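One file, data.cif, carrying mmCIF, C-alpha atoms:
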data_query
#
loop_
_atom_site.label_atom_id
_atom_site.label_comp_id
_atom_site.auth_asym_id
_atom_site.auth_seq_id
_atom_site.Cartn_x
_atom_site.Cartn_y
_atom_site.Cartn_z
CA MET A 1 -28.51 102.64 161.88
CA HIS A 2 -26.14 104.12 164.47
CA LEU A 3 -27.10 107.17 166.50
CA ASN A 4 -25.68 110.44 165.23
CA ASP A 5 -23.79 112.87 167.48
CA ASN A 6 -26.84 115.04 168.16
CA GLN A 7 -28.84 112.01 169.23
CA LEU A 8 -26.06 111.02 171.59
CA LEU A 9 -25.91 114.50 173.07
CA GLU A 10 -29.62 114.70 173.84
CA ARG A 11 -31.08 111.22 173.95
CA ASP A 12 -34.76 110.48 173.90
CA VAL A 13 -36.72 107.29 174.54
CA SER A 14 -36.59 106.25 170.87
CA ASN A 15 -32.76 106.14 171.02
CA GLU A 16 -32.58 103.96 174.10
CA LEU A 17 -33.57 100.70 172.38
CA HIS A 18 -30.79 101.01 169.80
CA LEU A 19 -28.31 102.05 172.46
CA SER A 20 -29.07 99.00 174.59
CA GLN A 21 -28.19 96.70 171.66
CA CYS A 22 -25.32 98.52 169.92
CA LYS A 23 -21.80 98.20 171.37
CA SER A 24 -20.39 100.91 169.09
CA CYS A 25 -22.99 103.51 170.18
CA GLN A 26 -22.56 102.49 173.82
CA LEU A 27 -18.86 103.25 173.51
CA ARG A 28 -19.56 106.64 171.92
CA ALA A 29 -22.17 107.44 174.61
CA ALA A 30 -19.59 106.60 177.27
CA ASN A 31 -17.17 109.05 175.60
CA VAL A 32 -19.83 111.76 175.75
CA ILE A 33 -20.16 111.17 179.49
CA LYS A 34 -16.38 111.32 180.00
CA ILE A 35 -16.13 114.57 178.05
CA ARG A 36 -19.05 116.01 180.04
CA ASP A 37 -17.34 115.05 183.29
CA LYS A 38 -14.24 116.96 182.19
CA LEU A 39 -16.37 120.02 181.39
CA ASN A 40 -17.96 119.75 184.81
CA GLN A 41 -14.59 119.78 186.53
CA LEU A 42 -13.57 123.23 185.31
CA PRO A 43 -11.78 125.27 187.98
CA SER A 44 -14.05 127.47 190.08
CA GLU A 45 -13.47 131.11 190.96
CA SER A 46 -14.83 132.95 194.00
CA LEU A 47 -16.27 136.41 194.32
CA THR A 48 -14.55 138.89 196.60
CA SER A 49 -15.57 138.78 200.27
CA ASP A 50 -17.16 142.25 200.18
CA SER A 51 -19.42 141.42 197.23
CA TRP A 52 -22.49 140.92 199.46
CA GLU A 53 -21.97 144.34 201.07
CA LYS A 54 -21.69 145.94 197.63
CA LEU A 55 -24.85 144.21 196.48
CA LYS A 56 -26.76 145.21 199.62
CA TYR A 57 -25.69 148.82 199.21
CA THR A 58 -26.73 148.93 195.53
CA TYR A 59 -30.06 147.28 196.33
CA GLN A 60 -30.87 149.78 199.09
CA LEU A 61 -29.76 152.70 196.95
CA ARG A 62 -32.08 151.64 194.13
CA ASN A 63 -34.97 151.10 196.52
CA ASP A 64 -34.47 154.60 197.94
CA GLU A 65 -34.46 156.04 194.43
CA ILE A 66 -37.73 154.26 193.63
CA LYS A 67 -39.31 155.52 196.89
CA GLN A 68 -38.18 159.09 196.22
CA ALA A 69 -39.59 158.98 192.70
CA LYS A 70 -42.93 157.76 194.12
CA ASN A 71 -42.93 160.55 196.73
CA LYS A 72 -42.25 163.19 194.08
CA LYS A 73 -45.21 161.91 192.11
CA GLN A 74 -47.43 162.01 195.20
CA ILE A 75 -46.35 165.59 196.00
CA LYS A 76 -47.17 166.65 192.45
CA ILE A 77 -50.67 165.17 192.70
CA TRP A 78 -51.19 166.72 196.13
CA LYS A 79 -49.97 170.14 194.97
CA PHE A 80 -52.36 170.09 192.05
CA SER A 81 -55.36 168.83 193.98
CA THR A 82 -54.99 171.31 196.87
CA ALA A 83 -54.63 174.26 194.50
CA ALA A 84 -57.73 173.11 192.65
CA LEU A 85 -59.63 172.71 195.91
CA ALA A 86 -58.72 176.21 197.10
CA ALA A 87 -59.70 177.71 193.76
CA SER A 88 -63.04 175.94 193.80
CA PHE A 89 -63.81 177.25 197.29
CA ILE A 90 -63.00 180.82 196.30
CA LEU A 91 -65.40 180.45 193.39
CA ALA A 92 -68.01 178.87 195.60
CA ILE A 93 -67.88 181.91 197.88
CA ILE A 94 -67.65 184.63 195.26
CA ILE A 95 -70.53 183.41 193.09
CA PRO A 96 -73.19 183.40 195.85
CA LYS A 97 -71.86 186.78 196.94
CA ILE A 98 -72.54 188.22 193.49
CA LEU A 99 -75.98 186.67 193.38
CA VAL A 100 -77.20 187.47 196.89
CA THR A 101 -75.20 190.45 198.04
CA ASP A 102 -77.83 191.84 200.32
CA ARG A 103 -78.36 188.65 202.31
CA PHE A 104 -74.93 188.53 203.94
CA SER A 105 -72.43 191.00 205.12
CA THR A 106 -69.75 191.76 202.48
CA ASN A 107 -67.15 191.95 205.22
CA GLN A 108 -67.73 188.39 206.32
CA TYR A 109 -67.31 187.16 202.75
CA ARG A 110 -64.21 189.24 202.27
CA GLU A 111 -62.75 187.82 205.46
CA LEU A 112 -63.45 184.26 204.39
CA THR A 113 -62.06 184.79 200.88
CA LEU A 114 -58.92 186.28 202.39
CA LEU A 115 -58.59 183.34 204.74
CA ILE A 116 -58.85 180.87 201.85
CA GLU A 117 -56.21 182.77 199.88
CA GLN A 118 -53.92 182.79 202.92
CA ASN A 119 -54.45 179.07 203.36
CA ASN A 120 -53.57 178.53 199.75
CA LEU A 121 -50.37 180.54 200.10
CA LEU A 122 -49.39 178.70 203.26
CA GLN A 123 -49.98 175.37 201.59
CA GLN A 124 -47.83 176.46 198.64
CA GLN A 125 -45.08 177.33 201.14
CA LEU A 126 -45.38 173.88 202.67
CA ILE A 127 -45.15 172.26 199.24
CA LYS A 128 -41.98 174.25 198.50
CA LEU A 129 -40.38 172.44 201.43
CA LYS A 130 -40.92 169.12 199.67
CA PRO A 131 -37.24 168.01 199.45
CA GLU A 132 -37.08 168.32 203.23
CA ILE A 133 -40.32 166.42 203.62
CA ALA A 134 -39.57 163.75 201.08
CA THR A 135 -36.82 162.34 203.23
CA GLU A 136 -39.23 161.94 206.12
CA THR A 137 -41.90 159.89 204.43
CA VAL A 138 -43.83 158.95 207.57
CA LYS A 139 -44.01 162.53 208.81
CA PHE A 140 -44.97 163.76 205.39
CA ASN A 141 -47.75 161.21 205.02
CA LEU A 142 -49.10 162.16 208.44
CA ILE A 143 -49.26 165.85 207.47
CA ARG A 144 -51.01 164.93 204.24
CA TYR A 145 -53.47 162.77 206.11
CA GLN A 146 -54.28 165.46 208.64
CA LEU A 147 -54.68 168.06 205.93
CA SER A 148 -57.03 165.80 204.04
CA ILE A 149 -59.21 165.48 207.18
CA LEU A 150 -59.28 169.26 207.55
CA ASP A 151 -60.14 169.64 203.85
CA GLN A 152 -62.96 167.11 204.17
CA ASP A 153 -64.34 169.05 207.09
CA ILE A 154 -64.22 172.30 205.09
CA ASN A 155 -65.77 170.61 202.12
CA ARG A 156 -68.62 169.30 204.25
CA ALA A 157 -69.26 172.80 205.63
CA HIS A 158 -69.61 174.17 202.10
CA VAL A 159 -71.73 171.31 200.82
CA GLN A 160 -74.06 171.51 203.82
CA GLN A 161 -74.18 175.30 203.35
CA LEU A 162 -73.26 176.03 206.95
CA SER A 163 -73.02 179.59 208.14
CA ILE A 164 -70.14 181.87 207.16
CA LYS A 165 -68.99 181.79 210.76
CA GLU A 166 -68.74 178.00 210.79
CA LYS A 167 -66.96 177.92 207.47
CA THR A 168 -64.52 180.59 208.68
CA GLU A 169 -63.80 178.57 211.83
CA ARG A 170 -62.84 175.53 209.75
CA TRP A 171 -60.60 177.52 207.44
CA GLN A 172 -59.03 179.14 210.48
CA LYS A 173 -58.31 175.69 211.92
CA LYS A 174 -56.54 174.68 208.72
CA GLN A 175 -54.58 177.92 208.70
CA ASP A 176 -53.47 177.34 212.30
CA PHE A 177 -52.33 173.87 211.40
CA LEU A 178 -50.35 175.08 208.38
CA LYS A 179 -48.81 177.98 210.32
CA GLN A 180 -47.90 175.77 213.21
CA TRP A 181 -46.20 173.27 210.91
CA LEU A 182 -44.33 175.97 209.03
CA ILE A 183 -43.11 177.60 212.25
CA ASN A 184 -42.36 174.55 214.37
CA LYS A 185 -42.37 171.87 211.69
CA THR A 186 -43.77 169.53 214.35
CA PRO A 187 -47.49 170.15 214.61
CA MET A 188 -48.55 166.54 214.61
CA ASN A 189 -48.44 166.22 218.35
CA THR A 190 -50.47 169.35 218.99
CA LEU A 191 -53.18 169.12 216.39
CA HIS A 192 -56.60 168.07 217.56
CA ILE A 193 -59.10 167.53 214.81
CA MET B 1 -21.36 110.59 199.57
CA THR B 2 -20.39 113.32 197.10
CA GLU B 3 -20.73 116.89 198.24
CA LEU B 4 -23.25 118.90 196.23
CA LYS B 5 -21.82 121.97 194.57
CA GLY B 6 -23.08 125.15 192.93
CA PHE B 7 -26.70 125.14 191.83
CA GLN B 8 -27.10 121.54 192.99
CA GLN B 9 -27.04 122.68 196.61
CA PRO B 10 -30.52 122.72 198.14
CA ILE B 11 -31.78 125.55 200.34
CA SER B 12 -34.42 125.30 203.04
CA GLU B 13 -37.93 126.57 202.39
CA ASP B 14 -37.74 128.53 205.66
CA VAL B 15 -34.93 130.66 204.26
CA ILE B 16 -36.87 131.27 201.04
CA GLN B 17 -40.00 132.22 202.98
CA LEU B 18 -38.05 134.64 205.16
CA ALA B 19 -36.48 136.19 202.06
CA GLN B 20 -39.96 136.52 200.55
CA MET B 21 -40.87 138.59 203.61
CA GLY B 22 -37.88 140.85 202.92
CA ASN B 23 -35.49 139.45 205.54
CA MET B 24 -31.99 140.57 204.53
CA LEU B 25 -30.25 137.84 206.53
CA ALA B 26 -32.13 135.24 204.52
CA PHE B 27 -31.08 136.98 201.30
CA GLU B 28 -27.51 136.92 202.51
CA LYS B 29 -27.74 133.15 203.06
CA ILE B 30 -29.10 132.67 199.55
CA TYR B 31 -26.39 134.90 198.15
CA HIS B 32 -23.56 133.07 199.89
CA LYS B 33 -24.93 129.74 198.74
CA TYR B 34 -25.32 130.54 195.05
CA SER B 35 -23.26 133.63 194.25
CA ASP B 36 -20.08 131.74 193.33
CA ALA B 37 -21.99 129.32 191.09
CA SER B 38 -23.67 132.30 189.40
CA TYR B 39 -20.35 134.08 189.03
CA ASN B 40 -18.64 131.02 187.52
CA LEU B 41 -21.47 130.55 185.06
CA ALA B 42 -21.35 134.19 183.97
CA LEU B 43 -17.54 134.24 183.91
CA ARG B 44 -17.23 131.09 181.80
CA ILE B 45 -19.69 132.43 179.28
CA THR B 46 -18.49 136.03 179.07
CA ASN B 47 -14.81 135.43 179.75
CA ASN B 48 -14.82 138.88 181.39
CA ASP B 49 -14.39 139.23 185.14
CA THR B 50 -15.92 142.72 185.53
CA LEU B 51 -18.88 141.89 183.34
CA ALA B 52 -19.45 138.63 185.22
CA GLN B 53 -19.46 140.44 188.59
CA ASP B 54 -21.90 142.96 187.21
CA ILE B 55 -24.18 140.22 185.88
CA VAL B 56 -24.21 138.52 189.30
CA GLN B 57 -25.12 141.79 190.99
CA GLU B 58 -27.96 142.55 188.57
CA ALA B 59 -29.24 138.98 188.70
CA PHE B 60 -29.37 138.97 192.50
CA ILE B 61 -31.12 142.34 192.60
CA LYS B 62 -33.73 140.78 190.29
CA VAL B 63 -33.92 137.74 192.59
CA MET B 64 -34.50 140.04 195.59
CA ASN B 65 -37.22 141.95 193.77
CA LYS B 66 -38.93 138.91 192.29
CA ILE B 67 -38.57 136.34 195.08
CA VAL B 68 -42.19 136.96 196.13
CA ASP B 69 -43.21 135.51 192.75
CA PHE B 70 -41.36 132.22 193.38
CA ARG B 71 -44.12 129.57 193.61
CA TYR B 72 -42.07 126.47 194.54
CA GLN B 73 -42.65 124.95 191.10
CA GLY B 74 -39.26 123.33 190.58
CA SER B 75 -36.13 123.97 192.59
CA PHE B 76 -35.25 127.41 193.88
CA ALA B 77 -31.69 127.04 192.57
CA GLY B 78 -33.06 126.27 189.10
CA TRP B 79 -35.25 129.38 189.24
CA LEU B 80 -32.31 131.50 190.36
CA ARG B 81 -30.03 130.01 187.70
CA ARG B 82 -32.57 130.89 185.00
CA ILE B 83 -32.40 134.53 186.12
CA VAL B 84 -28.60 134.45 185.95
CA VAL B 85 -28.66 132.86 182.48
CA TYR B 86 -31.22 135.40 181.18
CA GLU B 87 -29.17 138.25 182.58
CA THR B 88 -25.99 136.86 181.01
CA ILE B 89 -27.54 136.34 177.58
CA ASN B 90 -29.15 139.80 177.68
CA ARG B 91 -25.91 141.45 178.68
CA ILE B 92 -23.84 139.81 176.00
CA LYS B 93 -26.50 140.74 173.48
CA PHE B 94 -26.40 144.30 174.81
CA GLU B 95 -22.62 144.42 174.74
CA SER B 96 -22.87 143.31 171.07
CA LYS B 97 -20.64 140.39 171.73
CA LEU B 98 -23.09 137.86 170.45
CA HIS B 99 -22.54 137.29 166.77
CA LEU B 100 -25.56 135.30 165.79
CA VAL B 101 -25.54 133.31 162.62
CA SER B 102 -28.51 133.58 160.28
CA GLU B 103 -31.13 130.83 160.43
CA ASN B 104 -30.36 129.45 156.98
CA GLU B 105 -26.88 128.54 158.13
CA PHE B 106 -28.37 125.97 160.45
CA LEU B 107 -28.79 123.24 157.93
CA GLU B 108 -28.47 120.25 160.15
CA THR B 109 -25.66 117.91 159.26
CA LYS B 110 -25.64 114.59 161.01
CA SER B 111 -22.08 113.86 162.08
CA HIS B 112 -21.26 110.44 163.51
CA ASP B 113 -17.61 110.75 164.47
CA LEU B 114 -17.34 113.40 167.20
CA PHE B 115 -17.33 110.89 170.02
CA ASP B 116 -15.50 107.95 168.44
CA TYR B 117 -12.81 108.36 171.07
CA GLU B 118 -12.28 110.47 174.15
CA TRP B 119 -10.22 113.28 172.63
CA LEU B 120 -10.42 115.47 175.75
CA ASP B 121 -8.39 112.89 177.65
CA ALA B 122 -5.10 114.38 176.51
CA CYS B 123 -6.25 117.99 176.90
CA VAL B 124 -3.85 120.00 179.06
CA ASP B 125 -5.95 123.05 179.82
CA LEU B 126 -9.63 122.83 178.91
CA ASN B 127 -10.34 126.31 180.26
CA VAL B 128 -7.93 127.88 177.76
CA LEU B 129 -9.61 126.01 174.90
CA LEU B 130 -13.07 127.10 175.99
CA LYS B 131 -11.97 130.72 176.00
CA GLN B 132 -10.98 130.36 172.36
CA LEU B 133 -14.48 129.33 171.30
CA SER B 134 -16.87 131.98 170.00
CA ILE B 135 -19.11 133.38 172.73
CA THR B 136 -22.21 131.76 171.21
CA SER B 137 -20.55 128.33 170.92
CA ARG B 138 -19.22 128.60 174.46
CA THR B 139 -22.61 129.67 175.83
CA VAL B 140 -24.52 126.85 174.16
CA LEU B 141 -21.87 124.27 175.12
CA LEU B 142 -21.84 125.33 178.78
CA LEU B 143 -25.61 125.62 179.05
CA HIS B 144 -26.26 122.24 177.44
CA GLU B 145 -23.36 120.19 178.73
CA VAL B 146 -22.65 121.70 182.15
CA GLU B 147 -25.89 123.32 183.24
CA GLY B 148 -28.14 120.64 181.73
CA TYR B 149 -30.29 122.90 179.55
CA LYS B 150 -32.22 121.22 176.71
CA HIS B 151 -31.95 122.42 173.10
CA LYS B 152 -35.53 123.64 173.36
CA GLU B 153 -34.70 125.86 176.34
CA ILE B 154 -31.57 127.28 174.74
CA ALA B 155 -33.50 127.99 171.54
CA ALA B 156 -36.10 129.88 173.59
CA LEU B 157 -33.40 131.96 175.25
CA TYR B 158 -32.10 133.10 171.89
CA GLY B 159 -35.48 133.28 170.21
CA LYS B 160 -34.27 130.75 167.63
CA SER B 161 -35.18 127.28 166.46
CA GLU B 162 -33.90 124.09 168.12
CA SER B 163 -31.66 123.56 165.10
CA PHE B 164 -29.74 126.65 166.10
CA SER B 165 -28.87 125.08 169.44
CA LYS B 166 -28.09 121.66 167.96
CA ILE B 167 -25.80 123.00 165.25
CA THR B 168 -24.07 125.47 167.56
CA LEU B 169 -23.36 122.68 170.04
CA SER B 170 -22.08 120.40 167.31
CA ARG B 171 -19.84 123.18 165.98
CA ALA B 172 -18.60 123.95 169.49
CA TYR B 173 -17.58 120.32 169.95
CA THR B 174 -15.94 120.20 166.51
CA SER B 175 -13.88 123.32 167.30
CA LEU B 176 -13.03 122.01 170.76
CA GLN B 177 -11.89 118.68 169.32
CA ARG B 178 -9.71 120.41 166.71
CA MET B 179 -8.13 122.66 169.34
CA ALA B 180 -7.61 119.79 171.77
CA LEU B 181 -5.81 117.76 169.12
CA LYS B 182 -3.60 120.73 168.20
CA GLN B 183 -2.78 121.29 171.86
CA GLU B 184 -1.92 117.63 172.23
CA GLN B 185 0.39 117.77 169.18
CA ARG B 186 2.18 120.88 170.50
CA HIS B 187 2.81 119.18 173.82
CA ALA B 188 4.01 116.01 172.08
CA PHE B 189 6.61 118.06 170.14
CA LYS B 190 7.78 119.76 173.33
CA ARG B 191 8.36 116.38 174.92
#
Show the structure stored in the file as structure tokens.
Amino acid sequence: MHLNDNQLLERDVSNELHLSQCKSCQLRAANVIKIRDKLNQLPSESLTSDSWEKLKYTYQLRNDEIKQAKNKKQIKIWKFSTAALAASFILAIIIPKILVTDRFSTNQYRELTLLIEQNNLLQQQLIKLKPEIATETVKFNLIRYQLSILDQDINRAHVQQLSIKEKTERWQKKQDFLKQWLINKTPMNTLHI
Amino acid sequence: MTELKGFQQPISEDVIQLAQMGNMLAFEKIYHKYSDASYNLALRITNNDTLAQDIVQEAFIKVMNKIVDFRYQGSFAGWLRRIVVYETINRIKFESKLHLVSENEFLETKSHDLFDYEWLDACVDLNVLLKQLSITSRTVLLLHEVEGYKHKEIAALYGKSESFSKITLSRAYTSLQRMALKQEQRHAFKR
């Protein structure tokens, strides 16, 4: 039995034996090849010469958008975590104060609580500048990194139950860093942790 | 020796490796080598210049983002062409230009006379005839006959059975033959 058109268009091994013996199918298979050749000789068009530039521009634009979206997400997480950290420190100072008022001077506690609140406000101010920061990813990441070191140091002071004076010193250091950045916006060179 | 064209052109592994590291000059080389082939494939299928340019742009952005996943299994050009084909099929689906026929219409008929003679021999302008085919017929015909896709691969692209591809190709050839004969008759009268 002769091969049907579909078998001629996509031949498999089982068709080859018949094809090698049948003149009629060989002729039809040759016609398929000729028609295919014609289809393969369709005229070609070219893209405009500036198409690569357009593509490159679109690609970079999309990458920037993705990076900005990532930065926004990071800022959101940072904002939330720093606020939570500040709140937890205030609580950590107020609760022992209520419990053991007579052991420490109220003024020292008040000073430290005030310092934490100020730090929190300064950090909020810094966060408000996020559109400015977001465009300078490296700088922004460096600030975040340095702040995280300062926060770790503060955290350690509270966990190890260091003296009020030592805790105040660490909070003061963070406040100086925040103030310096907000005034000069270039504290990275001057900060020594 | 015949010069290799379009997706048949090879590209060095060094260029691919550089592109995988994000080198834009390497991407540019890849683009200049295959962009016209991609554009012609998209243009022949969609028959729409703006849409074809857009498809090429989207496909190459995908290539740039996914090139790190290329594992050298098969040719790079084949991998890139698959992205272009996927993008084209998705876009024509999205643009609602793809009028798919229901599965029960694909009752396979076994014709034996489509290639009894070379009816394209007298065809004056094949491109014009192709444009008159339905977008599905044109897509299947070009993918199978020009790009070398198998029925199985085309079926997978459409999420259909192999019969869909076989019947669509057979119908495309039947329509093309009818149009070619009409065109030939018109030209014979003019003479």
ask   = How would you write as a PyMOL selection string the residues that get within 12 Å of (-15.8, 122.1, 163.4) in the file's frame, counting only C-alpha atoms?
value = chain B and resi 109+111+113-114+133-134+137+167-180
ask   = For the file shown, what are the residues hit by the PyMOL selection byres ((chain B) within 7 of (chain A)), laid out as JSON, numbers by chain?
value = {"B": [36, 40, 57, 61, 110, 111, 112, 114, 115, 116, 117, 118, 120, 127, 145, 146, 166]}
inquiry  = Once the PyMOL selection byres ((chain B and resi 76) around 10) has been evaluated on this model, what residues remain selected, and can you format them as a PyMOL selection string?
reply    = chain B and resi 7+9-13+16+30+67+70-75+77-82
message = Residue by residue, what does the PyMOL selection byres ((chain A and resi 157-170) around 12) grab here? Present the result as a PyMOL selection string.
response = chain A and resi 85+88-93+96-97+103-116+119+147+149-156+171-177+193
Can those selected residues be exported to a file as a CSV table (one decimal), in the coordinates of the input so that it contains C-alpha atoms?
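Generated output (selection36.csv):
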chain,number,residue,atom,x,y,z
A,85,LEU,CA,-59.6,172.7,195.9
A,88,SER,CA,-63.0,175.9,193.8
A,89,PHE,CA,-63.8,177.2,197.3
A,90,ILE,CA,-63.0,180.8,196.3
A,91,LEU,CA,-65.4,180.4,193.4
A,92,ALA,CA,-68.0,178.9,195.6
A,93,ILE,CA,-67.9,181.9,197.9
A,96,PRO,CA,-73.2,183.4,195.8
A,97,LYS,CA,-71.9,186.8,196.9
A,103,ARG,CA,-78.4,188.6,202.3
A,104,PHE,CA,-74.9,188.5,203.9
A,105,SER,CA,-72.4,191.0,205.1
A,106,THR,CA,-69.8,191.8,202.5
A,107,ASN,CA,-67.2,192.0,205.2
A,108,GLN,CA,-67.7,188.4,206.3
A,109,TYR,CA,-67.3,187.2,202.8
A,110,ARG,CA,-64.2,189.2,202.3
A,111,GLU,CA,-62.8,187.8,205.5
A,112,LEU,CA,-63.4,184.3,204.4
A,113,THR,CA,-62.1,184.8,200.9
A,114,LEU,CA,-58.9,186.3,202.4
A,115,LEU,CA,-58.6,183.3,204.7
A,116,ILE,CA,-58.8,180.9,201.8
A,119,ASN,CA,-54.4,179.1,203.4
A,147,LEU,CA,-54.7,168.1,205.9
A,149,ILE,CA,-59.2,165.5,207.2
A,150,LEU,CA,-59.3,169.3,207.6
A,151,ASP,CA,-60.1,169.6,203.8
A,152,GLN,CA,-63.0,167.1,204.2
A,153,ASP,CA,-64.3,169.0,207.1
A,154,ILE,CA,-64.2,172.3,205.1
A,155,ASN,CA,-65.8,170.6,202.1
A,156,ARG,CA,-68.6,169.3,204.2
A,171,TRP,CA,-60.6,177.5,207.4
A,172,GLN,CA,-59.0,179.1,210.5
A,173,LYS,CA,-58.3,175.7,211.9
A,174,LYS,CA,-56.5,174.7,208.7
A,175,GLN,CA,-54.6,177.9,208.7
A,176,ASP,CA,-53.5,177.3,212.3
A,177,PHE,CA,-52.3,173.9,211.4
A,193,ILE,CA,-59.1,167.5,214.8
task = Give me, please, the distance in Å between atom CA of B:Asp121 and atom CA of B:Leu41, quoted to one decimal.
result =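 We find that atom CA of B:Asp121 and atom CA of B:Leu41 lie 23.2 Å from each other.
Taking atom CA of A:Asn120 and atom CA of A:Ala87 as the two end points, the separation is 8.6 Å.
The gap separating atom CA of B:Glu184 from atom CA of B:Ala122 is 6.2 Å, in Å to one decimal.
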query = Using all atoms listed in the file, what residues lie at most 12 Å away from (-27.3, 138.6, 187.5) (file coordinates), given as a PyMOL selection string?
reply = (chain A and resi 55) or (chain B and resi 31+34-43+51-64+80-91)
Can I get the selected residues back with C-alpha atoms, as a CSV table (one decimal), keeping the file's coordinate frame?
chain,number,residue,atom,x,y,z
A,55,LEU,CA,-24.8,144.2,196.5
B,31,TYR,CA,-26.4,134.9,198.2
B,34,TYR,CA,-25.3,130.5,195.0
B,35,SER,CA,-23.3,133.6,194.2
B,36,ASP,CA,-20.1,131.7,193.3
B,37,ALA,CA,-22.0,129.3,191.1
B,38,SER,CA,-23.7,132.3,189.4
B,39,TYR,CA,-20.4,134.1,189.0
B,40,ASN,CA,-18.6,131.0,187.5
B,41,LEU,CA,-21.5,130.6,185.1
B,42,ALA,CA,-21.4,134.2,184.0
B,43,LEU,CA,-17.5,134.2,183.9
B,51,LEU,CA,-18.9,141.9,183.3
B,52,ALA,CA,-19.4,138.6,185.2
B,53,GLN,CA,-19.5,140.4,188.6
B,54,ASP,CA,-21.9,143.0,187.2
B,55,ILE,CA,-24.2,140.2,185.9
B,56,VAL,CA,-24.2,138.5,189.3
B,57,GLN,CA,-25.1,141.8,191.0
B,58,GLU,CA,-28.0,142.6,188.6
B,59,ALA,CA,-29.2,139.0,188.7
B,60,PHE,CA,-29.4,139.0,192.5
B,61,ILE,CA,-31.1,142.3,192.6
B,62,LYS,CA,-33.7,140.8,190.3
B,63,VAL,CA,-33.9,137.7,192.6
B,64,MET,CA,-34.5,140.0,195.6
B,80,LEU,CA,-32.3,131.5,190.4
B,81,ARG,CA,-30.0,130.0,187.7
B,82,ARG,CA,-32.6,130.9,185.0
B,83,ILE,CA,-32.4,134.5,186.1
B,84,VAL,CA,-28.6,134.4,186.0
B,85,VAL,CA,-28.7,132.9,182.5
B,86,TYR,CA,-31.2,135.4,181.2
B,87,GLU,CA,-29.2,138.2,182.6
B,88,THR,CA,-26.0,136.9,181.0
B,89,ILE,CA,-27.5,136.3,177.6
B,90,ASN,CA,-29.2,139.8,177.7
B,91,ARG,CA,-25.9,141.4,178.7
